[in-house]
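Just structure.pdb here, PDB, C-alpha atoms:
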```
ATOM      1  CA  MET A   1     -14.640  10.969 -18.478
ATOM      2  CA  ARG A   2     -11.326   9.414 -17.509
ATOM      3  CA  ILE A   3      -9.884   9.997 -14.036
ATOM      4  CA  THR A   4      -6.195   9.212 -13.572
ATOM      5  CA  PRO A   5      -5.206   9.252  -9.888
ATOM      6  CA  HIS A   6      -1.493   9.147 -10.654
ATOM      7  CA  ALA A   7       0.976  10.361 -13.239
ATOM      8  CA  GLN A   8       1.550   6.951 -14.808
ATOM      9  CA  ASP A   9      -0.005   6.311 -18.194
ATOM     10  CA  THR A  10      -1.102   2.778 -17.359
ATOM     11  CA  GLY A  11      -4.847   3.196 -17.075
ATOM     12  CA  GLY A  12      -7.353   4.912 -14.874
ATOM     13  CA  PHE A  13     -10.908   5.009 -13.649
ATOM     14  CA  PHE A  14     -13.852   5.759 -15.887
ATOM     15  CA  VAL A  15     -17.160   7.371 -14.956
ATOM     16  CA  ALA A  16     -20.171   6.820 -17.196
ATOM     17  CA  LEU A  17     -23.533   8.587 -17.032
ATOM     18  CA  ILE A  18     -26.377   6.317 -18.167
ATOM     19  CA  GLU A  19     -29.738   7.822 -19.041
ATOM     20  CA  LYS A  20     -32.889   5.721 -18.998
ATOM     21  CA  VAL A  21     -34.857   6.500 -22.148
ATOM     22  CA  ASP A  22     -37.645   3.928 -22.021
ATOM     23  CA  GLU A  23     -39.330   1.345 -19.810
ATOM     24  CA  SER A  24     -38.470  -2.307 -20.370
ATOM     25  CA  ASN A  25     -39.817  -5.688 -19.364
ATOM     26  CA  PHE A  26     -36.415  -6.875 -18.204
ATOM     27  CA  ASP A  27     -36.538  -9.948 -15.977
ATOM     28  CA  GLY A  28     -34.080  -9.295 -13.166
ATOM     29  CA  SER A  29     -33.938 -12.925 -12.103
ATOM     30  CA  ALA A  30     -32.470 -13.908 -15.476
ATOM     31  CA  ALA A  31     -29.396 -11.762 -14.844
ATOM     32  CA  ASN A  32     -28.416 -13.894 -11.887
ATOM     33  CA  GLY A  33     -27.813 -16.906 -14.100
ATOM     34  CA  PRO A  34     -28.276 -20.570 -13.228
ATOM     35  CA  ALA A  35     -27.648 -21.783  -9.685
ATOM     36  CA  TRP A  36     -24.740 -24.058 -10.692
ATOM     37  CA  LYS A  37     -22.899 -21.109 -12.195
ATOM     38  CA  LYS A  38     -23.348 -18.956  -9.090
ATOM     39  CA  LYS A  39     -21.649 -21.619  -6.978
ATOM     40  CA  LYS A  40     -18.499 -21.340  -9.100
ATOM     41  CA  MET A  41     -18.381 -17.547  -8.947
ATOM     42  CA  PHE A  42     -15.755 -15.851  -6.781
ATOM     43  CA  LYS A  43     -17.254 -14.634  -3.536
ATOM     44  CA  ASP A  44     -16.030 -11.235  -2.382
ATOM     45  CA  GLU A  45     -14.892 -10.739   1.180
ATOM     46  CA  PRO A  46     -17.641  -8.990   3.166
ATOM     47  CA  PHE A  47     -17.460  -5.478   4.584
ATOM     48  CA  THR A  48     -17.829  -5.710   8.364
ATOM     49  CA  PHE A  49     -18.170  -2.307  10.020
ATOM     50  CA  LEU A  50     -17.199  -1.693  13.633
ATOM     51  CA  LYS A  51     -20.048  -1.769  16.101
ATOM     52  CA  LEU A  52     -20.736   0.579  18.974
ATOM     53  CA  ASP A  53     -18.153   0.335  21.786
ATOM     54  CA  ASP A  54     -15.843  -1.966  19.831
ATOM     55  CA  GLU A  55     -12.860  -2.983  21.994
ATOM     56  CA  ARG A  56     -10.387  -2.324  19.193
ATOM     57  CA  TRP A  57     -11.574   1.250  18.920
ATOM     58  CA  HIS A  58     -11.085   1.863  22.650
ATOM     59  CA  ASP A  59      -7.508   0.652  22.249
ATOM     60  CA  ILE A  60      -6.872   2.945  19.255
ATOM     61  CA  ARG A  61      -8.649   6.000  20.686
ATOM     62  CA  ASN A  62      -6.831   5.884  24.015
ATOM     63  CA  HIS A  63      -3.398   5.419  22.476
ATOM     64  CA  TYR A  64      -3.627   8.073  19.756
ATOM     65  CA  GLY A  65      -5.966  10.449  21.585
ATOM     66  CA  VAL A  66      -8.530  10.425  18.781
ATOM     67  CA  ASP A  67     -11.301  12.983  19.246
ATOM     68  CA  GLU A  68     -14.815  11.708  19.980
ATOM     69  CA  SER A  69     -16.123  13.442  16.844
ATOM     70  CA  PHE A  70     -14.339  10.854  14.683
ATOM     71  CA  LYS A  71     -16.902   8.433  13.209
ATOM     72  CA  TYR A  72     -15.234   5.190  14.204
ATOM     73  CA  GLN A  73     -18.244   3.119  13.154
ATOM     74  CA  ASN A  74     -17.248   3.955   9.581
ATOM     75  CA  LEU A  75     -14.174   1.760  10.063
ATOM     76  CA  PHE A  76     -14.483  -1.709   8.587
ATOM     77  CA  SER A  77     -12.566  -4.909   7.949
ATOM     78  CA  ARG A  78     -12.770  -7.446   5.115
ATOM     79  CA  ARG A  79     -13.582 -10.413   7.323
ATOM     80  CA  LEU A  80     -16.694 -12.338   8.220
ATOM     81  CA  GLU A  81     -18.375 -10.980  11.322
ATOM     82  CA  SER A  82     -17.607 -14.198  13.202
ATOM     83  CA  ASN A  83     -13.880 -13.704  12.544
ATOM     84  CA  ASP A  84     -13.779  -9.912  12.531
ATOM     85  CA  ALA A  85     -11.841  -9.623  15.800
ATOM     86  CA  ASN A  86      -8.802 -11.226  14.111
ATOM     87  CA  SER A  87      -8.682  -8.791  11.185
ATOM     88  CA  ARG A  88      -5.235  -7.359  10.517
ATOM     89  CA  GLN A  89      -6.354  -4.175   8.752
ATOM     90  CA  LEU A  90      -9.043  -1.561   9.299
ATOM     91  CA  PHE A  91     -10.271   0.677   6.483
ATOM     92  CA  TYR A  92     -12.306   3.880   6.606
ATOM     93  CA  ALA A  93     -15.227   4.977   4.420
ATOM     94  CA  ASN A  94     -17.341   8.123   4.547
ATOM     95  CA  ASP A  95     -21.081   8.013   5.213
ATOM     96  CA  ALA A  96     -22.077   7.863   1.538
ATOM     97  CA  ILE A  97     -19.795   4.928   0.748
ATOM     98  CA  LYS A  98     -20.755   3.138   3.951
ATOM     99  CA  ASN A  99     -24.460   3.391   3.135
ATOM    100  CA  PHE A 100     -23.903   2.259  -0.451
ATOM    101  CA  VAL A 101     -21.847  -0.746   0.633
ATOM    102  CA  LYS A 102     -24.302  -1.854   3.302
ATOM    103  CA  GLU A 103     -27.295  -1.526   0.977
ATOM    104  CA  ASN A 104     -25.695  -3.166  -2.069
ATOM    105  CA  MET A 105     -23.125  -5.617  -0.718
ATOM    106  CA  ALA A 106     -25.359  -8.586  -1.520
ATOM    107  CA  LYS A 107     -26.380  -7.223  -4.935
ATOM    108  CA  VAL A 108     -23.193  -5.707  -6.379
ATOM    109  CA  SER A 109     -19.666  -7.108  -6.506
ATOM    110  CA  ILE A 110     -17.578  -4.510  -4.655
ATOM    111  CA  GLN A 111     -13.863  -5.252  -4.863
ATOM    112  CA  ASN A 112     -12.417  -2.361  -2.862
ATOM    113  CA  ALA A 113     -13.665   0.666  -0.979
ATOM    114  CA  GLY A 114     -12.382   3.223   1.483
ATOM    115  CA  MET A 115      -8.780   3.807   2.534
ATOM    116  CA  LYS A 116      -6.513   1.817   4.813
ATOM    117  CA  MET A 117      -6.165   3.546   8.166
ATOM    118  CA  PHE A 118      -4.867   0.988  10.705
ATOM    119  CA  SER A 119      -2.790  -2.198  10.578
ATOM    120  CA  ARG A 120      -2.316  -4.633  13.420
ATOM    121  CA  THR A 121       1.190  -5.029  14.860
ATOM    122  CA  GLU A 122       0.574  -7.437  17.693
ATOM    123  CA  GLY A 123       3.756  -8.482  19.445
ATOM    124  CA  LYS A 124       5.855  -5.476  18.414
ATOM    125  CA  VAL A 125       4.555  -2.859  20.822
ATOM    126  CA  GLU A 126       2.669  -3.455  24.048
ATOM    127  CA  ASN A 127       0.945  -0.052  24.103
ATOM    128  CA  THR A 128      -1.445  -0.714  21.219
ATOM    129  CA  ARG A 129      -2.225  -3.451  18.724
ATOM    130  CA  PHE A 130      -2.575  -1.103  15.744
ATOM    131  CA  ARG A 131      -0.215   1.188  13.888
ATOM    132  CA  LEU A 132      -1.264   4.042  11.617
ATOM    133  CA  SER A 133      -1.181   3.843   7.829
ATOM    134  CA  GLN A 134       0.180   6.654   5.669
ATOM    135  CA  GLU A 135      -2.745   6.137   3.308
ATOM    136  CA  GLY A 136      -5.278   7.403   5.840
ATOM    137  CA  ILE A 137      -3.198   9.700   8.030
ATOM    138  CA  ARG A 138      -4.088  12.916   6.194
ATOM    139  CA  TYR A 139      -7.719  12.490   7.214
ATOM    140  CA  LEU A 140      -7.143  11.085  10.697
ATOM    141  CA  PHE A 141      -4.460  13.613  11.665
ATOM    142  CA  LYS A 142      -6.868  16.438  12.518
ATOM    143  CA  PHE A 143      -8.607  14.184  15.060
ATOM    144  CA  MET A 144      -5.386  13.106  16.829
ATOM    145  CA  ASN A 145      -4.184  14.609  20.107
ATOM    146  CA  LYS A 146      -1.390  12.158  20.976
ATOM    147  CA  GLN A 147       1.570  10.500  19.269
ATOM    148  CA  LYS A 148       2.307  13.438  16.980
ATOM    149  CA  VAL A 149       5.274  15.806  16.975
ATOM    150  CA  LYS A 150       5.977  18.963  15.013
ATOM    151  CA  ILE A 151       9.559  18.962  13.763
ATOM    152  CA  GLY A 152      11.788  21.329  11.830
ATOM    153  CA  ALA A 153      12.313  21.202   8.087
ATOM    154  CA  GLU A 154      15.957  20.150   8.524
ATOM    155  CA  ASP A 155      14.980  17.069  10.536
ATOM    156  CA  MET A 156      12.290  16.145   8.020
ATOM    157  CA  LEU A 157      14.725  16.471   5.121
ATOM    158  CA  HIS A 158      17.312  14.407   6.977
ATOM    159  CA  MET A 159      14.837  11.544   7.475
ATOM    160  CA  LEU A 160      13.468  11.629   3.935
ATOM    161  CA  LYS A 161      16.863  11.895   2.225
ATOM    162  CA  SER A 162      18.662   9.408   4.454
ATOM    163  CA  GLU A 163      19.772   6.158   2.816
ATOM    164  CA  GLU A 164      19.449   4.453   6.203
ATOM    165  CA  ASN A 165      16.142   2.755   6.905
ATOM    166  CA  LEU A 166      16.557   3.419  10.615
ATOM    167  CA  VAL A 167      17.650   6.979  11.328
ATOM    168  CA  PRO A 168      19.415   7.445  14.706
ATOM    169  CA  LEU A 169      17.479   9.836  16.927
ATOM    170  CA  GLU A 170      20.750  11.381  18.076
ATOM    171  CA  LYS A 171      21.155  12.948  14.628
ATOM    172  CA  LEU A 172      17.874  14.887  14.946
ATOM    173  CA  THR A 173      17.242  18.079  16.886
ATOM    174  CA  CYS A 174      13.698  16.898  17.633
ATOM    175  CA  LYS A 175      14.919  13.812  19.509
ATOM    176  CA  GLY A 176      13.709  15.137  22.876
ATOM    177  CA  ASP A 177      10.122  15.678  21.719
ATOM    178  CA  VAL A 178      10.042  12.338  19.908
ATOM    179  CA  ARG A 179      11.269  10.448  22.973
ATOM    180  CA  LYS A 180       8.423  11.904  25.020
ATOM    181  CA  GLN A 181       6.037   9.822  22.901
ATOM    182  CA  GLN A 182       5.416   6.132  23.407
ATOM    183  CA  ASN A 183       7.326   3.741  21.174
ATOM    184  CA  GLY A 184       5.550   2.642  18.026
ATOM    185  CA  THR A 185       3.806   4.837  15.476
ATOM    186  CA  VAL A 186       4.524   8.551  15.836
ATOM    187  CA  VAL A 187       3.302  11.103  13.295
ATOM    188  CA  VAL A 188       5.812  13.856  12.517
ATOM    189  CA  TYR A 189       5.016  16.955  10.507
ATOM    190  CA  CYS A 190       6.318  20.334   9.395
ATOM    191  CA  ASP A 191       3.067  21.166   7.647
ATOM    192  CA  GLU A 192      -0.230  19.802   8.986
ATOM    193  CA  ASP A 193      -1.296  19.060   5.405
ATOM    194  CA  GLU A 194       1.626  16.639   4.935
ATOM    195  CA  PRO A 195       1.956  14.447   8.070
ATOM    196  CA  VAL A 196       4.330  11.484   7.923
ATOM    197  CA  CYS A 197       3.883   8.184   9.752
ATOM    198  CA  THR A 198       7.067   6.917  11.387
ATOM    199  CA  TRP A 199       8.036   3.989  13.566
ATOM    200  CA  VAL A 200       9.962   4.998  16.670
ATOM    201  CA  GLY A 201      12.160   2.564  18.558
ATOM    202  CA  TYR A 202      14.396   3.120  21.554
ATOM    203  CA  HIS A 203      17.193   4.730  19.556
ATOM    204  CA  THR A 204      15.925   5.108  15.977
ATOM    205  CA  ILE A 205      13.097   6.493  13.865
ATOM    206  CA  ALA A 206      11.975   5.184  10.465
ATOM    207  CA  PRO A 207       9.519   6.835   8.029
ATOM    208  CA  TYR A 208       6.724   4.359   7.282
ATOM    209  CA  ILE A 209       6.179   5.527   3.693
ATOM    210  CA  SER A 210       6.818   4.259   0.175
ATOM    211  CA  LYS A 211       9.619   5.540  -2.061
ATOM    212  CA  GLU A 212       7.095   7.326  -4.259
ATOM    213  CA  GLU A 213       5.566   9.065  -1.240
ATOM    214  CA  ARG A 214       9.039  10.041  -0.078
ATOM    215  CA  LEU A 215       9.777  11.665  -3.447
ATOM    216  CA  HIS A 216       6.459  13.507  -3.355
ATOM    217  CA  LEU A 217       7.209  14.974   0.074
ATOM    218  CA  LEU A 218      10.697  16.031  -0.988
ATOM    219  CA  ARG A 219       9.298  17.796  -4.052
ATOM    220  CA  MET A 220       6.746  19.584  -1.874
ATOM    221  CA  MET A 221       9.672  20.838   0.217
ATOM    222  CA  GLY A 222      11.386  22.233  -2.877
ATOM    223  CA  VAL A 223      14.064  19.550  -3.252
ATOM    224  CA  ASP A 224      15.413  18.651  -6.699
ATOM    225  CA  CYS A 225      14.778  14.894  -6.870
ATOM    226  CA  ALA A 226      16.350  14.209 -10.287
ATOM    227  CA  GLU A 227      19.418  12.508  -8.798
ATOM    228  CA  ILE A 228      17.314  10.427  -6.405
ATOM    229  CA  GLU A 229      15.019   9.321  -9.242
ATOM    230  CA  LEU A 230      18.013   8.242 -11.345
ATOM    231  CA  LEU A 231      19.333   6.246  -8.407
ATOM    232  CA  MET A 232      15.951   4.539  -7.963
ATOM    233  CA  LYS A 233      15.817   3.672 -11.681
ATOM    234  CA  SER A 234      19.348   2.249 -11.646
ATOM    235  CA  LYS A 235      18.498   0.086  -8.638
ATOM    236  CA  ARG A 236      15.386  -1.200 -10.400
ATOM    237  CA  LYS A 237      17.394  -2.032 -13.526
ATOM    238  CA  GLU A 238      20.004  -3.804 -11.425
ATOM    239  CA  LYS A 239      17.321  -5.841  -9.677
ATOM    240  CA  ALA A 240      15.702  -6.704 -13.025
ATOM    241  CA  ALA A 241      19.064  -7.945 -14.339
ATOM    242  CA  GLN A 242      19.565 -10.054 -11.214
ATOM    243  CA  ASP A 243      16.080 -11.522 -11.623
ATOM    244  CA  ARG A 244      16.844 -12.447 -15.251
ATOM    245  CA  GLU A 245      20.091 -14.149 -14.261
ATOM    246  CA  ALA A 246      18.310 -16.042 -11.492
ATOM    247  CA  ALA A 247      15.644 -17.173 -13.977
ATOM    248  CA  TRP A 248      18.279 -18.481 -16.403
ATOM    249  CA  ALA A 249      20.048 -20.255 -13.539
ATOM    250  CA  ARG A 250      16.800 -21.995 -12.577
ATOM    251  CA  LYS A 251      16.306 -23.101 -16.181
ATOM    252  CA  GLU A 252      19.840 -24.495 -16.227
ATOM    253  CA  GLU A 253      19.180 -26.479 -13.058
ATOM    254  CA  GLU A 254      15.880 -27.798 -14.424
ATOM    255  CA  ALA A 255      17.561 -28.808 -17.693
ATOM    256  CA  LYS A 256      20.337 -30.652 -15.843
ATOM    257  CA  ALA A 257      17.820 -32.420 -13.620
ATOM    258  CA  SER A 258      15.797 -33.589 -16.625
ATOM    259  CA  GLY A 259      18.900 -34.619 -18.588
ATOM    260  CA  GLU A 260      18.173 -32.249 -21.464
ATOM    261  CA  PRO A 261      21.017 -30.393 -23.212
ATOM    262  CA  SER A 262      21.284 -26.831 -22.014
ATOM    263  CA  THR A 263      23.068 -23.699 -23.068
ATOM    264  CA  SER A 264      24.884 -21.414 -20.709
ATOM    265  CA  SER A 265      22.888 -18.579 -19.260
ATOM    266  CA  ASP A 266      25.301 -16.047 -20.768
ATOM    267  CA  ALA A 267      24.827 -17.383 -24.285
ATOM    268  CA  ALA A 268      21.074 -17.600 -23.866
ATOM    269  CA  TYR A 269      20.920 -14.078 -22.516
ATOM    270  CA  ALA A 270      23.135 -12.810 -25.342
ATOM    271  CA  ALA A 271      20.909 -14.505 -27.895
ATOM    272  CA  GLN A 272      17.889 -12.882 -26.327
ATOM    273  CA  GLU A 273      19.439  -9.423 -26.523
ATOM    274  CA  ALA A 274      21.193  -9.802 -29.901
ATOM    275  CA  PRO A 275      19.665  -8.536 -33.173
ATOM    276  CA  GLU A 276      18.006 -11.155 -35.365
ATOM    277  CA  GLU A 277      20.761 -11.044 -37.994
ATOM    278  CA  ASN A 278      23.347 -12.071 -35.377
ATOM    279  CA  ILE A 279      21.421 -14.983 -33.850
ATOM    280  CA  GLN A 280      22.129 -17.336 -36.780
ATOM    281  CA  GLU A 281      25.815 -16.398 -36.703
ATOM    282  CA  MET A 282      25.996 -17.148 -32.979
ATOM    283  CA  SER A 283      24.404 -20.574 -33.450
ATOM    284  CA  GLU A 284      26.875 -21.431 -36.260
ATOM    285  CA  VAL A 285      29.843 -20.506 -34.080
ATOM    286  CA  LYS A 286      28.462 -22.665 -31.295
ATOM    287  CA  GLU A 287      28.153 -25.675 -33.634
TER
END
```
If you convert what's in this file into structure tokens, what do you get?
Amino acid sequence: MRITPHAQDTGGFFVALIEKVDESNFDGSAANGPAWKKKKMFKDEPFTFLKLDDERWHDIRNHYGVDESFKYQNLFSRRLESNDANSRQLFYANDAIKNFVKENMAKVSIQNAGMKMFSRTEGKVENTRFRLSQEGIRYLFKFMNKQKVKIGAEDMLHMLKSEENLVPLEKLTCKGDVRKQQNGTVVVYCDEDEPVCTWVGYHTIAPYISKEERLHLLRMMGVDCAEIELLMKSKRKEKAAQDREAAWARKEEEAKASGEPSTSSDAAYAAQEAPEENIQEMSEVKE
């Protein structure tokens, strides 16, 4: 069974059901391999779950008004326990995943688990050290009692469709309710099923979401995103062209530094794009 979590046709996750049909005399120690080989193997970062009465959780709970029913001990970092206090990100896993990770962390190589819920922003805002992540806000939202504002559809559309990264609060009808919140992460929503993480400054508000997430939200609100998608594609093509030109320029500089003969970037690029039957003709003209 193939599970594709997105619309792109670039791969997916596979689930296999294995049935044991017979007993075997398999020697488990042989699977570990020789000791010298184990030393060269990549060592995964550990999963360090928050302990009872963790100081970071008190900071987060007080700032965002998170309900006591939230299982904060299911939050974890990817740092050694001795250095866990300096972790920049906190992830969340449900009980089943937490138990599996804790029981098998030393036996199975686990690359990733859970969803990112908090990121540290020390130095930006004095009220709290952690901002919310859009990846985990849909689950956390129902436990929050602070730093969230219900806004109208017009304000949401204005923020999502705006070409400005920082949207002036004066342009929004919800500016009064937003300014009642503390600066930093504020969750805005029209529908409780689709909350949006934003960063609120003194005079501006900025959605803290990716372009793909922005398009998804606009589609859910019934907006035709064809024009926006074309604009995104054209910007990507333009950036790709700029990257190619920069790469050719670097090659030119390297060739000059080494004293080797070099061709102009335009000619090289044209040769790359030209059909095979024209490449020989181009080289003859150059000679």
- Task: Give the answer as one residue: which of A:Lys142, A:Arg131, A:Lys211, A:Arg88 has the shortest atom-to-atom distance to Cys225 of chain A, using only C-alpha atoms?
- Result: A:Lys211
- Message: Env of Val186 of chain A: 6 Å cut, atoms = all atoms listed in the file, seq-sep filter 3 positions within chain, self excluded. Answer as a list in words.
- Response: Gln147, Lys148 and Thr198 of chain A
- Nearest to Gln111 of chain A by atom-to-atom distance, counting only C-alpha atoms, from A:Asp67, A:Gln134, A:Met156, A:Asp44: A:Asp44
- What is the atom CA of Val101 of chain A to atom CA of Pro46 of chain A distance in Å?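 Going from atom CA of Val101 of chain A over to atom CA of Pro46 of chain A covers 9.6 Å.
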- Query: Got a sec to resolve the PyMOL selection byres ((chain A and resi 70-81) around 8) on this structure and send the residues as an MDAnalysis selection string?
  - Reply: chainID A and resid 45:52 57 66:69 82:84 87 89:95 98 143
- Item | Distance query segment 150-152 of chain A at most 10 Å, all atoms listed in the file, self and fewer than 2 positions along chain excluded, as an MDAnalysis selection string | chainID A and resid 148 154:157 172:175 177:178 187:192 195
- Within 12 Å of His216 of chain A using all atoms listed in the file, minus same-chain residues under 4 positions, as a list of chain:residue names: A:His6, A:Ala7, A:Leu160, A:Lys161, A:Glu194, A:Val196, A:Ile209, A:Ser210, A:Lys211, A:Glu212, A:Met220, A:Met221, A:Gly222, A:Val223, A:Asp224, A:Cys225, A:Ile228, A:Glu229
- Task: Have a look at atom CA of Glu164 of chain A and atom CA of Val149 of chain A and let me know their distance in Å, one decimal.
- Result: 21.1 Å
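Put simply, atom CA of Met159 of chain A is 21.7 Å away from atom CA of Ser234 of chain A.
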- Using only C-alpha atoms, which residues sit within 12 Å of Arg120 of chain A once same-chain residues fewer than 2 positions away are excluded, as a list in words? Arg56, Asp59, Ile60, Ser77, Ala85, Asn86, Ser87, Arg88, Gln89, Leu90, Phe91, Lys116, Met117, Phe118, Glu122, Gly123, Lys124, Val125, Glu126, Thr128, Arg129, Phe130, Arg131, Leu132, Ser133, Gly184 and Thr185 of chain A
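Shown here are all protein and nucleic acid residues lying within 8 Å of (11.2, 3.4, 13.8), with only C-alpha atoms considered: Leu166, Val167, Gly184, Thr185, Thr198, Trp199, Val200, Gly201, Thr204, Ile205, Ala206, Pro207 and Tyr208 of chain A.
Here the question is which of A:Val21, A:Ala249, A:Leu218, A:Ala255 gets nearest to His158 of chain A using only C-alpha atoms, and that residue is A:Leu218.
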